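Participant: I'd like to ask some things about the structure below.
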Amino acid sequence: MLQPRPRPTLAQVRAQLEDAVEDGAKRVIALSGPLYVLLANAAIGFIGLAMFTTVIPKLVAAKGGAWACAGHALLFSLILAHVLTNYWRCLRTGPGHPTRLDSGSSEAVGALYGVKVCHRCHCVKPKHCHHCSVCNQCVLRMDHHCPWLNSCIR
């Protein structure tokens, strides 16, 4: 005969609920990063589209000079290319991570040399190094996690 399972206490239920909410929030934040990058690219593209379909044709109609409008279009194209290039360079540049150790030797190295070791990712933590809960890794000189770049900022 099977024994009935004991009912969980209110504190246990509350702890399970808090863990579930925290895990759900971490998943939402992790999944929203690429959406913010896509949104930023769409906004930059929309500005470019609006400039070439609305502003420049109105300049051609108002001024009548094709050279002046071509100059505006060229200048805006260069600025747009510069913004996109810098944004994508920021996306591709990592924030910098400390060296990882295997979990068995990290505590030994920390005790031997008197350095801090991250208990989550088992890496040596230099000064100003923090563990990012979104990236789930330590970042050198971490300032914050930026959703628009989907990466940590130094």
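How things are named: the first chain in the structure tokens is A, the next is B, and so on; residues count from 1 in each chain; ligands count from 1 in the order shown.
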Just asking: which residues within chain A are strand (DSSP E) according to DSSP, as number ranges by chain?
Facilitator: A: 116-117, 124-125, 130-132, 137-139, 144-146, 151-153
Participant: Measuring atom to atom with only C-alpha atoms, identify which of A:Ile153, A:Ala61, A:Leu31, A:Leu39 is nearest to Cys90 (chain A).
Facilitator: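 Among A:Ile153, A:Ala61, A:Leu31, A:Leu39, it is A:Ile153 that comes nearest to Cys90 (chain A).
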Participant: Looking at A:Ile47, A:Val21, A:Cys152, A:Ala73, which one is nearest to Leu59 (chain A), with distances taken over only C-alpha atoms?
Facilitator: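 Checking each candidate against Leu59 (chain A), we get A:Ala73 as the closest.
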Participant: In terms of the shortest atom-to-atom distance over only C-alpha atoms, which of A:Ala68, A:Ala43, A:Leu91, A:Cys129 is closest to Arg154 (chain A)?
Facilitator: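 Going through A:Ala68, A:Ala43, A:Leu91, A:Cys129 one by one, the smallest distance to Arg154 (chain A) is for A:Cys129.
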Participant: Determine, counting only C-alpha atoms, which protein, DNA and RNA residues have an atom within 12 Å of an atom of Met51 (chain A); residues of the same chain fewer than 4 positions away are not included. Present the result as a ChimeraX atom specification.
Facilitator: /A:44-47,55-59,69,72-77,79-80
Participant: Quick one, how far is CA of His130 (chain A) from CA of Pro98 (chain A)?
Facilitator: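 Atom-to-atom, CA of His130 (chain A) and CA of Pro98 (chain A) are spaced 10.1 Å apart.
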Participant: Kindly give the distance, in Å, that separates CA of Pro147 (chain A) and CA of Gly48 (chain A), rounded to a single decimal.
Facilitator: 22.6 Å
